[in-house]
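What follows is a set of notes on a single structure, which appears directly below.
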Amino acid sequence: VNKPVYFIVPVENPTAIGEYSETMVYNSTLNRYSSHLAVDYYAPEGTNVLAVFDGNVLSVETTLLQGTTITIDHGNGLYSVYNSLADGDSVSIGQKVKQGDLIGEVSTSNRQEYKLGAHLHFSATENGEVIDPMKYLIINEK
């Protein structure tokens, strides 16, 4: 039986949130306008990053421009992507993770957005298309 998909916030106590935008927004690091197909969660460097939903770690990659990126396969064509992590040592490819498991730490490793400071650049794809991850996020009002 498949359970409904509801993402949790991937960063513990973020200080701010940068929005997903399919329209052009200014990137101060690159000094140009482009779409921002992710949600940025700002938090101090070293803040825990959590798996938003159950799944399997599909990839752990580190590149010069994006820093360390972890992709989790949630099944049925849904993937979550965590970019600008401190390192990829918290998980390994093929590892099963549960919602809320620690998968990494916030850093400044994304050189395409380094002027924004420490943050998690969080995105999602569904059936091969980039989507606004907020589609699946449930925020509990207190």
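Letters A, B, ... mark the chains of the structure tokens in the order given; residue numbers begin at 1 per chain; ligand numbers begin at 1, in order shown.
Near Glu19 of chain A, within 10 Å and counting only C-alpha atoms, sit Ala16, Glu22, His36, Leu37, Ala38, Val39, Asp40, Tyr41, Asp132 and Met134 of chain A; same-chain residues fewer than 3 positions away were not included.
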Residue subset to file, keeping C-alpha atoms, as a JSON list (two decimals), in the first residue's frame:
[["chain", "number", "residue", "atom", "x", "y", "z"],
["A", 16, "ALA", "CA", 14.50, 32.32, 6.04],
["A", 22, "GLU", "CA", 9.80, 30.00, -12.86],
["A", 36, "HIS", "CA", 15.15, 29.76, -9.54],
["A", 37, "LEU", "CA", 13.73, 26.24, -9.73],
["A", 38, "ALA", "CA", 14.34, 25.41, -6.08],
["A", 39, "VAL", "CA", 13.54, 26.56, -2.57],
["A", 40, "ASP", "CA", 16.44, 27.93, -0.51],
["A", 41, "TYR", "CA", 16.44, 27.29, 3.24],
["A", 132, "ASP", "CA", 7.94, 23.38, -6.99],
["A", 134, "MET", "CA", 6.25, 23.15, -1.91]]
Pairwise distance for atom CA of Ile103 of chain A and atom CA of Gln66 of chain A, rounded to one decimal in Å = 16.9 Å
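Pairwise distance (atom CA of Ile70 of chain A, atom CA of Val57 of chain A) equals 7.3 Å.
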task = Measuring atom to atom with only C-alpha atoms, identify which of A:Ile93, A:Ala51, A:Leu64, A:Leu116 is nearest to Gly18 of chain A.
result = A:Leu116
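Of the residues under consideration (A:Glu126, A:Glu12, A:Glu61, A:Glu113), A:Glu61 shows the shortest atom-to-atom contact distance to Asp87 of chain A when counting only C-alpha atoms.
Atom CA of Gly55 of chain A sits 15.6 Å away from atom CA of Val9 of chain A.
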task = Write out as a ChimeraX atom specification all residues of chain A that DSSP puts in strand (DSSP E) for this structure's backbone.
result = /A:16-18,21-27,32-36,39-42,48-50,55-63,67-75,78-85,96-97,102-105,119-126,129-131
inquiry  = Residues near Asp101 of chain A, anyone? I mean within 10 Å using only C-alpha atoms, not counting same-chain ones fewer than 4 positions away, as number ranges by chain.
reply    = A: 10, 48-54, 90-91, 96-97
request  = Write out as a VMD selection string the residues lying within 7 Å of Thr108 of chain A, counting only C-alpha atoms and excluding same-chain residues fewer than 5 positions away.
outcome  = chain A and resid 84 114 117 to 119
Would you put the residues from that selection into a file with all heavy atoms, as a compact mmCIF listing (two decimals), in the first residue's frame?
# COMPACT_ATOMS: atom_id res chain seq x y z
N SER A 84 24.17 22.05 -2.06
CA SER A 84 24.96 22.93 -1.21
C SER A 84 25.16 22.32 0.18
O SER A 84 25.08 23.00 1.19
CB SER A 84 24.37 24.35 -1.10
OG SER A 84 25.33 25.23 -0.54
N TYR A 114 26.95 31.52 -3.71
CA TYR A 114 27.73 31.71 -2.49
C TYR A 114 27.47 33.05 -1.80
O TYR A 114 27.60 33.17 -0.59
CB TYR A 114 29.22 31.50 -2.74
CG TYR A 114 29.92 32.65 -3.43
CD1 TYR A 114 30.46 33.70 -2.69
CD2 TYR A 114 30.04 32.69 -4.81
CE1 TYR A 114 31.09 34.76 -3.32
CE2 TYR A 114 30.66 33.74 -5.45
CZ TYR A 114 31.19 34.77 -4.69
OH TYR A 114 31.81 35.82 -5.33
N GLY A 117 25.15 33.15 1.22
CA GLY A 117 25.55 32.58 2.51
C GLY A 117 25.11 31.13 2.63
O GLY A 117 24.67 30.50 1.67
N ALA A 118 25.24 30.60 3.83
CA ALA A 118 24.92 29.19 4.09
C ALA A 118 23.43 28.94 3.88
O ALA A 118 22.59 29.65 4.43
CB ALA A 118 25.33 28.81 5.50
N HIS A 119 23.14 27.93 3.07
CA HIS A 119 21.74 27.55 2.84
C HIS A 119 21.67 26.19 2.15
O HIS A 119 22.66 25.70 1.62
CB HIS A 119 21.01 28.59 1.98
CG HIS A 119 21.46 28.66 0.55
ND1 HIS A 119 22.65 29.21 0.16
CD2 HIS A 119 20.86 28.23 -0.58
CE1 HIS A 119 22.77 29.13 -1.15
NE2 HIS A 119 21.69 28.52 -1.64
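Close contacts of Asn127 of chain A, defined as residues with an atom at most 10 Å away when counting only C-alpha atoms, with chain neighbours fewer than 6 positions off set aside, comprise Asn76, Gly77, Leu78 and Tyr79 of chain A.
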task = Just the residues within 7 Å of Tyr6 of chain A, please, counting only C-alpha atoms, with nothing from its chain fewer than 5 positions along; format it as a PyMOL selection string.
result = chain A and resi 136-138
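Among the residues of chain A, backbone DSSP assigns helix (DSSP H, G or I) to Arg111, Gln112, Glu113, Tyr114, Lys115, Leu116, Pro133, Met134, Lys135 and Tyr136 of chain A.
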